[in-house]
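What follows is the content of upload_22.csv (CSV, C-alpha atoms).
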```
chain,number,residue,atom,x,y,z
A,1056,MET,CA,129.6,124.2,94.9
A,1057,SER,CA,131.3,127.7,95.5
A,1058,ASP,CA,130.8,127.4,99.2
A,1059,LEU,CA,133.1,124.4,99.5
A,1060,PRO,CA,136.6,124.9,101.0
A,1061,LYS,CA,139.3,124.8,98.3
A,1062,LEU,CA,140.4,121.3,97.6
A,1063,GLU,CA,143.8,120.0,96.6
A,1064,HIS,CA,142.2,118.5,93.5
A,1065,PRO,CA,139.0,120.5,92.7
A,1066,THR,CA,138.6,118.8,89.3
A,1067,ALA,CA,137.6,115.6,91.3
A,1068,LEU,CA,134.3,117.2,92.3
A,1069,MET,CA,131.7,116.0,89.8
A,1070,PRO,CA,128.4,115.8,91.8
A,1071,ARG,CA,126.1,115.9,88.7
A,1072,ALA,CA,127.2,112.4,87.7
A,1073,PHE,CA,125.1,110.5,90.1
A,1074,TYR,CA,122.4,107.9,89.1
A,1075,GLY,CA,119.2,106.7,90.7
A,1076,MET,CA,118.6,109.9,92.7
A,1077,ARG,CA,115.4,111.8,93.0
A,1078,SER,CA,117.4,115.0,93.7
A,1079,LEU,CA,121.0,115.9,93.8
A,1080,GLU,CA,120.5,118.5,96.6
A,1081,PRO,CA,121.1,115.9,99.3
A,1082,ILE,CA,124.4,114.9,97.5
A,1083,ARG,CA,125.5,118.6,97.5
A,1084,ALA,CA,124.6,118.9,101.2
A,1085,ALA,CA,126.6,115.8,102.0
A,1086,ILE,CA,129.6,117.0,100.1
A,1087,ASN,CA,129.5,120.3,102.0
A,1088,GLY,CA,129.2,118.4,105.3
A,1089,ILE,CA,132.1,116.1,104.5
A,1090,ALA,CA,134.3,118.9,103.5
A,1091,GLU,CA,133.5,120.9,106.7
A,1092,ALA,CA,134.1,117.8,108.8
A,1093,MET,CA,137.6,117.1,107.3
A,1094,ILE,CA,140.5,118.5,109.2
A,1095,GLU,CA,142.1,119.1,105.8
A,1096,PRO,CA,139.6,119.2,103.0
A,1097,LYS,CA,141.8,117.4,100.5
A,1098,GLY,CA,141.6,114.3,98.3
A,1099,LEU,CA,137.8,114.4,98.0
A,1100,PHE,CA,136.4,112.6,94.9
A,1101,VAL,CA,132.7,112.9,94.1
A,1102,GLY,CA,131.1,111.4,91.0
A,1103,ASP,CA,129.7,108.3,89.4
A,1104,ASN,CA,127.9,107.3,92.7
A,1105,LEU,CA,131.3,107.3,94.5
A,1106,ILE,CA,132.4,109.5,97.3
A,1107,THR,CA,135.9,109.1,98.8
A,1108,MET,CA,137.8,111.4,101.1
A,1109,ALA,CA,141.4,111.9,102.1
A,1110,LYS,CA,142.7,109.9,99.2
A,1111,ARG,CA,145.8,110.8,97.3
A,1112,LEU,CA,144.1,110.8,93.9
A,1113,GLY,CA,147.5,110.5,92.3
A,1114,PHE,CA,145.9,109.9,88.9
A,1115,LEU,CA,145.0,113.6,88.7
A,1116,ASP,CA,148.8,114.3,88.5
A,1117,ASP,CA,149.2,112.0,85.5
A,1118,GLN,CA,149.5,114.6,82.7
A,1119,VAL,CA,149.2,112.2,79.8
A,1120,LEU,CA,146.0,110.6,81.2
A,1121,MET,CA,144.4,113.9,82.3
A,1122,GLY,CA,145.3,115.6,79.1
A,1123,ALA,CA,143.4,112.9,77.1
A,1124,PHE,CA,140.6,113.0,79.7
A,1125,GLN,CA,140.2,116.8,79.2
A,1126,ARG,CA,140.2,116.5,75.4
A,1127,HIS,CA,137.7,113.7,75.1
A,1128,CYS,CA,135.4,113.6,78.2
A,1129,SER,CA,132.9,116.5,78.0
A,1130,THR,CA,129.6,115.3,79.4
A,1131,ALA,CA,128.8,115.0,83.1
A,1132,ALA,CA,128.6,111.2,82.8
A,1133,GLU,CA,132.0,111.0,81.1
A,1134,ARG,CA,133.7,113.3,83.5
A,1135,GLY,CA,132.1,111.7,86.6
A,1136,ALA,CA,133.3,108.3,85.5
A,1137,LEU,CA,136.9,109.4,85.7
A,1138,TRP,CA,137.9,106.7,88.2
A,1139,ARG,CA,136.4,104.0,86.0
A,1140,LEU,CA,138.5,105.5,83.2
A,1141,VAL,CA,141.6,105.4,85.4
A,1142,THR,CA,141.0,101.7,86.0
A,1143,LEU,CA,140.8,101.1,82.2
A,1144,VAL,CA,143.9,103.0,81.6
A,1145,TRP,CA,145.8,101.1,84.3
A,1146,ALA,CA,144.6,97.8,82.7
A,1147,ALA,CA,145.6,98.9,79.2
A,1148,ARG,CA,149.0,100.1,80.3
A,1149,THR,CA,149.6,96.8,82.2
A,1150,ALA,CA,148.4,94.8,79.2
A,1151,LEU,CA,151.3,96.3,77.1
A,1152,ARG,CA,153.5,93.6,78.7
A,1153,ILE,CA,151.1,90.9,77.4
A,1154,GLU,CA,150.8,89.4,74.0
A,1155,GLY,CA,147.6,90.2,72.1
A,1156,ASP,CA,145.2,92.9,70.9
A,1157,PHE,CA,142.8,95.2,72.7
A,1158,VAL,CA,139.0,94.6,72.7
A,1159,GLU,CA,136.0,96.7,73.8
A,1160,CYS,CA,132.5,95.3,73.4
A,1161,GLY,CA,130.1,98.1,73.9
A,1162,CYS,CA,132.2,101.1,72.9
A,1163,TYR,CA,129.3,103.5,72.5
A,1164,LYS,CA,130.8,106.8,71.4
A,1165,GLY,CA,134.4,105.4,71.6
A,1166,THR,CA,135.3,107.8,74.4
A,1167,SER,CA,137.2,105.4,76.7
A,1168,ALA,CA,138.9,103.7,73.8
A,1169,ARG,CA,140.1,107.0,72.4
A,1170,VAL,CA,141.5,108.1,75.8
A,1171,ILE,CA,143.2,104.7,76.2
A,1172,SER,CA,144.6,104.9,72.7
A,1173,GLU,CA,146.2,108.3,73.3
A,1174,VAL,CA,147.6,107.4,76.7
A,1175,VAL,CA,149.4,104.2,75.4
A,1176,ASP,CA,150.1,105.8,71.9
A,1177,PHE,CA,148.2,102.9,70.4
A,1178,VAL,CA,148.5,104.1,66.8
A,1179,ASN,CA,152.3,103.3,66.9
A,1180,LEU,CA,151.8,99.9,68.4
A,1181,ASP,CA,151.9,96.6,66.4
A,1182,ARG,CA,148.5,95.7,67.8
A,1183,ARG,CA,144.8,96.2,66.8
A,1184,TYR,CA,142.0,97.6,68.8
A,1185,TYR,CA,138.7,95.9,68.1
A,1186,LEU,CA,135.6,98.0,69.0
A,1187,TYR,CA,132.0,96.6,68.9
A,1188,ASP,CA,128.6,98.1,69.3
A,1189,LEU,CA,125.1,98.3,67.9
A,1190,PHE,CA,125.5,102.1,67.9
A,1191,ARG,CA,121.7,102.5,67.7
A,1192,HIS,CA,118.6,101.4,69.7
A,1193,ASP,CA,115.1,100.3,69.0
A,1194,ASP,CA,112.5,98.4,70.9
A,1195,SER,CA,113.5,95.1,69.5
A,1196,MET,CA,117.0,95.4,71.1
A,1197,PRO,CA,117.6,94.0,74.6
A,1198,HIS,CA,120.0,96.7,75.8
A,1199,HIS,CA,118.7,100.0,77.1
A,1200,SER,CA,118.9,103.2,75.0
A,1201,MET,CA,121.6,105.8,75.5
A,1202,VAL,CA,121.3,109.5,74.7
A,1203,GLU,CA,123.5,109.5,71.6
A,1204,HIS,CA,122.4,106.2,70.0
A,1205,SER,CA,121.4,107.0,66.4
A,1206,ASP,CA,121.8,105.7,62.9
A,1207,THR,CA,124.8,108.0,62.4
A,1208,LEU,CA,126.7,107.2,65.6
A,1209,VAL,CA,128.8,104.5,64.0
A,1210,ASP,CA,130.0,107.0,61.4
A,1211,GLN,CA,130.8,109.5,64.1
A,1212,VAL,CA,132.9,106.8,65.9
A,1213,ARG,CA,134.7,105.8,62.7
A,1214,GLU,CA,135.5,109.5,62.2
A,1215,ARG,CA,136.8,109.7,65.7
A,1216,PHE,CA,139.3,107.0,64.9
A,1217,ALA,CA,140.0,107.9,61.3
A,1218,ASP,CA,143.6,108.7,62.2
A,1219,MET,CA,144.2,105.2,63.7
A,1220,PRO,CA,144.3,102.5,61.0
A,1221,ASN,CA,144.9,99.8,63.6
A,1222,VAL,CA,141.4,100.3,65.1
A,1223,THR,CA,138.7,98.0,63.7
A,1224,ILE,CA,135.1,99.1,64.3
A,1225,THR,CA,132.3,96.5,63.9
A,1226,GLN,CA,128.6,97.3,64.0
A,1227,GLY,CA,126.2,94.6,65.1
A,1228,ARG,CA,124.9,92.5,67.9
A,1229,VAL,CA,127.5,90.8,70.2
A,1230,PRO,CA,128.4,87.9,70.1
A,1231,ASP,CA,127.2,87.5,66.4
A,1232,SER,CA,129.4,90.4,65.3
A,1233,LEU,CA,132.5,88.7,66.6
A,1234,ALA,CA,132.3,86.4,63.6
A,1235,VAL,CA,132.9,89.4,61.4
A,1236,ALA,CA,136.2,90.5,63.0
A,1237,ALA,CA,137.9,89.3,66.2
A,1238,PRO,CA,141.5,88.9,67.4
A,1239,GLU,CA,143.1,85.5,68.0
A,1240,LYS,CA,145.0,86.7,71.0
A,1241,ILE,CA,143.8,89.4,73.5
A,1242,ALA,CA,145.9,91.3,76.1
A,1243,PHE,CA,143.1,93.7,77.3
A,1244,MET,CA,139.3,93.3,77.1
A,1245,HIS,CA,136.6,95.7,78.3
A,1246,LEU,CA,133.0,94.5,78.4
A,1247,ASP,CA,130.3,97.1,78.7
A,1248,LEU,CA,127.2,95.7,77.0
A,1249,ASN,CA,124.6,96.3,79.7
A,1250,ASN,CA,123.2,92.9,79.0
A,1251,ALA,CA,124.0,89.6,80.7
A,1252,ASP,CA,123.3,87.3,77.7
A,1253,ALA,CA,125.5,89.4,75.4
A,1254,GLU,CA,128.3,89.6,77.8
A,1255,ILE,CA,128.3,85.8,78.5
A,1256,GLY,CA,128.1,85.3,74.7
A,1257,ALA,CA,131.2,87.5,74.3
A,1258,LEU,CA,133.0,85.6,77.1
A,1259,GLU,CA,132.1,82.3,75.4
A,1260,VAL,CA,133.9,83.4,72.2
A,1261,LEU,CA,136.7,85.5,73.5
A,1262,PHE,CA,137.8,84.6,77.0
A,1263,ASP,CA,139.9,81.6,75.9
A,1264,ARG,CA,141.7,84.0,73.6
A,1265,ILE,CA,142.9,86.2,76.4
A,1266,SER,CA,146.6,85.6,76.9
A,1267,PRO,CA,147.9,84.5,80.3
A,1268,GLY,CA,148.2,87.7,82.4
A,1269,GLY,CA,145.7,89.5,80.2
A,1270,ILE,CA,143.2,91.7,81.9
A,1271,LEU,CA,139.4,91.7,81.6
A,1272,ILE,CA,137.3,94.7,82.9
A,1273,LEU,CA,133.5,94.3,83.4
A,1274,ASP,CA,132.0,97.7,83.4
A,1275,ASP,CA,128.6,97.0,84.9
A,1276,PHE,CA,129.6,94.2,87.3
A,1277,GLY,CA,129.1,95.9,90.7
A,1278,TRP,CA,126.1,98.1,89.9
A,1279,LEU,CA,122.8,97.1,91.5
A,1280,ALA,CA,120.9,97.8,88.3
A,1281,TYR,CA,122.9,95.1,86.6
A,1282,GLN,CA,122.7,92.3,89.2
A,1283,ASP,CA,121.8,89.8,86.5
A,1284,GLN,CA,125.2,90.4,84.9
A,1285,LEU,CA,127.0,89.9,88.2
A,1286,LEU,CA,125.2,86.6,88.9
A,1287,ALA,CA,125.7,85.2,85.4
A,1288,GLU,CA,129.4,86.3,85.3
A,1289,VAL,CA,130.3,85.0,88.8
A,1290,ARG,CA,128.8,81.6,87.9
A,1291,TRP,CA,130.5,81.5,84.5
A,1292,MET,CA,133.9,82.4,85.9
A,1293,ALA,CA,133.6,80.1,88.9
A,1294,GLU,CA,133.0,77.2,86.6
A,1295,ARG,CA,136.5,78.0,85.1
A,1296,GLY,CA,138.2,78.6,88.5
A,1297,TYR,CA,138.2,82.4,88.4
A,1298,HIS,CA,137.0,84.9,90.9
A,1299,ILE,CA,136.0,88.5,89.9
A,1300,LEU,CA,137.2,91.4,92.0
A,1301,GLU,CA,134.4,93.9,92.5
A,1302,LEU,CA,135.8,97.4,92.5
A,1303,PRO,CA,134.4,100.5,94.3
A,1304,THR,CA,133.8,102.0,90.8
A,1305,GLY,CA,131.2,99.4,90.1
A,1306,GLN,CA,133.6,97.5,87.7
A,1307,GLY,CA,134.8,94.0,88.0
A,1308,MET,CA,138.3,92.8,87.2
A,1309,VAL,CA,139.8,89.4,86.2
A,1310,ILE,CA,143.4,88.7,85.5
A,1311,LYS,CA,143.7,85.6,83.3
```

Using the file provided, produce a representation of the structure as structure tokens.
Amino acid sequence: MSDLPKLEHPTALMPRAFYGMRSLEPIRAAINGIAEAMIEPKGLFVGDNLITMAKRLGFLDDQVLMGAFQRHCSTAAERGALWRLVTLVWAARTALRIEGDFVECGCYKGTSARVISEVVDFVNLDRRYYLYDLFRHDDSMPHHSMVEHSDTLVDQVRERFADMPNVTITQGRVPDSLAVAAPEKIAFMHLDLNNADAEIGALEVLFDRISPGGILILDDFGWLAYQDQLLAEVRWMAERGYHILELPTGQGMVIK
């Protein structure tokens, strides 16, 4: 990418974080073409199957957010998903005005929850953060495998939050694991289970516990690979009078 004109925010160039591509070379060529065509090559964000141009990208000036991002997001996938993380951080910050705890179903390595926790100084809040995941994968499980799924991942995540006694980590299949530990009131909930049945199951248990004004973010909602989740969740929400906002990041958002 050294042949690109200097951008106002060069950290927003993350072309490796693209999915469903036979080759990234056409992406690189497109980025070059876009930059060359712009009168001022500024505000170009590239990553996570998202390309935007001439946007302010004001979140890159948020020192608290970007500091946490730089500390905890190291892989191409994590760094490319910056705009998804920005959405989560906005939701979490907004939820601080709402009564209830925080929930993430499908926390994987705990990266997004750790960033959120540092941005909102969660350790000093009178709330709990509930994290759920299987943390491992075998052929009997309906979700797809991830690179760092393993028998030791749950211990790594527990170590990651060892300095935060108000974080509860529960290993097991959602929604069954919600019977082990779950909040009574929720201000912020993030669903990232990569499985329609599991996410509907989580909604059946937890949605009524979201406080008025609480925010729900559905990570996979707008991705073509997860259309079954979109269809199931649109139908489920419509039956309760809610509409899901599809975001350019691929996420969906509902305000209770």

If you take all atoms listed in the file and a cut-off of 8 Å, which residues of segment 1130-1181 of chain A touch segment 1247-1269 of chain A, and what are their nearest atom pairs and distances in Å to one decimal, in chain and number order, as a tab-separated table?
```
residue	atom	partner	partner_atom	distance
A:Ala1150	CA	A:Gly1269	CA	6.0
A:Ile1153	CA	A:Gly1269	CA	6.2
A:Glu1154	CA	A:Ser1266	CA	6.4
A:Gly1155	CA	A:Ser1266	CA	6.7
A:Glu1159	CA	A:Asp1247	CA	7.5
A:Cys1160	CA	A:Asp1247	CA	6.0
A:Gly1161	CA	A:Leu1248	CA	4.9
A:Cys1162	CA	A:Asp1247	CA	7.3
```

Please determine the residues with any atom at most 6 Å from (139.2, 98.5, 71.3) (coordinates as given in the file, with all atoms listed in the file counting) and report them as an NGL selection string.
:A and (1157-1159 or 1168 or 1184-1186)

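Taking atom CA of Leu1246 of chain A as the reference point, atom CA of Leu1273 of chain A is found at 5.0 Å.
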
Given all atoms listed in the file as the counted atoms, nearest of A:Val1309, A:Val1202, A:Val1141, A:Ile1082 to Leu1115 of chain A:
A:Val1141

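Here atom CA of Met1219 of chain A and atom CA of Val1174 of chain A stand 13.6 Å from one another.
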
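Non-sequential neighbours of Thr1304 of chain A (distance at most 8 Å, separation of 5 or more positions within a chain, only C-alpha atoms) are A:Asp1103, A:Leu1105, A:Trp1138, A:Arg1139, A:Gly1277.
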
As a PyMOL selection string, please: the residues near Asp1176 of chain A (cut-off 12 Å, all atoms listed in the file, same-chain neighbours under 5 positions excluded).
chain A and resi 1119-1120+1123+1144+1147-1148+1151+1168-1171+1181-1182+1184+1219+1221

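At a cut-off of 7 Å from (142.8, 106.7, 68.5), the residue set is Arg1169, Ser1172, Glu1173, Phe1177, Val1178, Phe1216, Asp1218 and Met1219 of chain A (counting only C-alpha atoms).
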
Take atom CA of Lys1097 of chain A and atom CA of Pro1303 of chain A and report the distance between them in Å, one decimal.
19.5 Å

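By all atoms listed in the file, and with residues fewer than 4 positions from Glu1301 of chain A along its chain excluded, the set lying at most 10 Å from it is Leu1273, Phe1276, Gly1277, Trp1278, Leu1285, Gly1305, Gln1306, Gly1307, Met1308 and Val1309 of chain A.
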
The residue from A:Thr1207, A:Phe1190, A:Phe1073, A:Arg1215 with the smallest atom-to-atom distance to His1127 of chain A, counting only C-alpha atoms, is A:Arg1215

Could I get segment 1145-1179 of chain A rebuilt with N, CA and C atoms, written as an mmCIF file, in the frame of the given file?
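Dumped to result_17.cif:
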```cif
data_model
loop_
_atom_site.group_PDB
_atom_site.id
_atom_site.type_symbol
_atom_site.label_atom_id
_atom_site.label_comp_id
_atom_site.auth_asym_id
_atom_site.auth_seq_id
_atom_site.Cartn_x
_atom_site.Cartn_y
_atom_site.Cartn_z
ATOM 1 N N TRP A 1145 144.854 101.941 83.568
ATOM 2 C CA TRP A 1145 145.800 101.100 84.300
ATOM 3 C C TRP A 1145 145.852 99.700 83.611
ATOM 4 N N ALA A 1146 144.676 99.139 83.331
ATOM 5 C CA ALA A 1146 144.600 97.800 82.700
ATOM 6 C C ALA A 1146 145.285 97.790 81.363
ATOM 7 N N ALA A 1147 145.031 98.823 80.559
ATOM 8 C CA ALA A 1147 145.600 98.900 79.200
ATOM 9 C C ALA A 1147 147.126 99.040 79.287
ATOM 10 N N ARG A 1148 147.598 99.899 80.175
ATOM 11 C CA ARG A 1148 149.000 100.100 80.300
ATOM 12 C C ARG A 1148 149.699 98.760 80.769
ATOM 13 N N THR A 1149 149.077 98.096 81.713
ATOM 14 C CA THR A 1149 149.600 96.800 82.200
ATOM 15 C C THR A 1149 149.620 95.774 81.108
ATOM 16 N N ALA A 1150 148.576 95.800 80.272
ATOM 17 C CA ALA A 1150 148.400 94.800 79.200
ATOM 18 C C ALA A 1150 149.491 94.972 78.112
ATOM 19 N N LEU A 1151 150.201 96.081 78.090
ATOM 20 C CA LEU A 1151 151.300 96.300 77.100
ATOM 21 C C LEU A 1151 152.381 95.251 77.277
ATOM 22 N N ARG A 1152 152.451 94.631 78.458
ATOM 23 C CA ARG A 1152 153.500 93.600 78.700
ATOM 24 C C ARG A 1152 152.997 92.222 78.204
ATOM 25 N N ILE A 1153 151.726 92.152 77.775
ATOM 26 C CA ILE A 1153 151.100 90.900 77.400
ATOM 27 C C ILE A 1153 150.893 90.798 75.924
ATOM 28 N N GLU A 1154 151.026 89.600 75.393
ATOM 29 C CA GLU A 1154 150.800 89.400 74.000
ATOM 30 C C GLU A 1154 149.332 89.473 73.622
ATOM 31 N N GLY A 1155 149.004 90.220 72.572
ATOM 32 C CA GLY A 1155 147.600 90.200 72.100
ATOM 33 C C GLY A 1155 147.099 91.629 71.798
ATOM 34 N N ASP A 1156 145.895 91.650 71.268
ATOM 35 C CA ASP A 1156 145.200 92.900 70.900
ATOM 36 C C ASP A 1156 144.320 93.393 71.989
ATOM 37 N N PHE A 1157 143.700 94.555 71.738
ATOM 38 C CA PHE A 1157 142.800 95.200 72.700
ATOM 39 C C PHE A 1157 141.350 95.010 72.126
ATOM 40 N N VAL A 1158 140.390 94.852 73.052
ATOM 41 C CA VAL A 1158 139.000 94.600 72.700
ATOM 42 C C VAL A 1158 138.093 95.477 73.580
ATOM 43 N N GLU A 1159 137.078 96.113 72.986
ATOM 44 C CA GLU A 1159 136.000 96.700 73.800
ATOM 45 C C GLU A 1159 134.675 96.372 73.155
ATOM 46 N N CYS A 1160 133.874 95.618 73.882
ATOM 47 C CA CYS A 1160 132.500 95.300 73.400
ATOM 48 C C CYS A 1160 131.548 96.215 74.140
ATOM 49 N N GLY A 1161 130.923 97.077 73.358
ATOM 50 C CA GLY A 1161 130.100 98.100 73.900
ATOM 51 C C GLY A 1161 130.806 99.423 73.993
ATOM 52 N N CYS A 1162 131.352 99.877 72.862
ATOM 53 C CA CYS A 1162 132.200 101.100 72.900
ATOM 54 C C CYS A 1162 131.419 102.370 72.876
ATOM 55 N N TYR A 1163 130.128 102.323 72.531
ATOM 56 C CA TYR A 1163 129.300 103.500 72.500
ATOM 57 C C TYR A 1163 129.891 104.597 71.622
ATOM 58 N N LYS A 1164 130.281 105.724 72.192
ATOM 59 C CA LYS A 1164 130.800 106.800 71.400
ATOM 60 C C LYS A 1164 132.351 106.678 71.183
ATOM 61 N N GLY A 1165 132.946 105.646 71.775
ATOM 62 C CA GLY A 1165 134.400 105.400 71.600
ATOM 63 C C GLY A 1165 135.230 106.285 72.538
ATOM 64 N N THR A 1166 134.609 106.889 73.555
ATOM 65 C CA THR A 1166 135.300 107.800 74.400
ATOM 66 C C THR A 1166 136.459 107.136 75.191
ATOM 67 N N SER A 1167 136.135 106.063 75.912
ATOM 68 C CA SER A 1167 137.200 105.400 76.700
ATOM 69 C C SER A 1167 138.253 104.818 75.845
ATOM 70 N N ALA A 1168 137.881 104.238 74.712
ATOM 71 C CA ALA A 1168 138.900 103.700 73.800
ATOM 72 C C ALA A 1168 139.798 104.731 73.243
ATOM 73 N N ARG A 1169 139.241 105.908 72.959
ATOM 74 C CA ARG A 1169 140.100 107.000 72.400
ATOM 75 C C ARG A 1169 141.054 107.487 73.483
ATOM 76 N N VAL A 1170 140.592 107.636 74.722
ATOM 77 C CA VAL A 1170 141.500 108.100 75.800
ATOM 78 C C VAL A 1170 142.601 107.037 75.989
ATOM 79 N N ILE A 1171 142.233 105.756 76.084
ATOM 80 C CA ILE A 1171 143.200 104.700 76.200
ATOM 81 C C ILE A 1171 144.237 104.742 75.093
ATOM 82 N N SER A 1172 143.733 104.878 73.872
ATOM 83 C CA SER A 1172 144.600 104.900 72.700
ATOM 84 C C SER A 1172 145.640 105.980 72.756
ATOM 85 N N GLU A 1173 145.223 107.161 73.211
ATOM 86 C CA GLU A 1173 146.200 108.300 73.300
ATOM 87 C C GLU A 1173 147.165 108.080 74.425
ATOM 88 N N VAL A 1174 146.703 107.548 75.542
ATOM 89 C CA VAL A 1174 147.600 107.400 76.700
ATOM 90 C C VAL A 1174 148.713 106.364 76.347
ATOM 91 N N VAL A 1175 148.369 105.276 75.660
ATOM 92 C CA VAL A 1175 149.400 104.200 75.400
ATOM 93 C C VAL A 1175 149.976 104.399 73.967
ATOM 94 N N ASP A 1176 149.622 105.509 73.267
ATOM 95 C CA ASP A 1176 150.100 105.800 71.900
ATOM 96 C C ASP A 1176 149.837 104.555 71.009
ATOM 97 N N PHE A 1177 148.574 104.138 71.008
ATOM 98 C CA PHE A 1177 148.200 102.900 70.400
ATOM 99 C C PHE A 1177 148.471 102.903 68.852
ATOM 100 N N VAL A 1178 148.366 104.058 68.218
ATOM 101 C CA VAL A 1178 148.500 104.100 66.800
ATOM 102 C C VAL A 1178 149.932 103.659 66.350
ATOM 103 N N ASN A 1179 150.897 103.749 67.255
ATOM 104 C CA ASN A 1179 152.300 103.300 66.900
ATOM 105 C C ASN A 1179 152.614 101.958 67.459
#
```
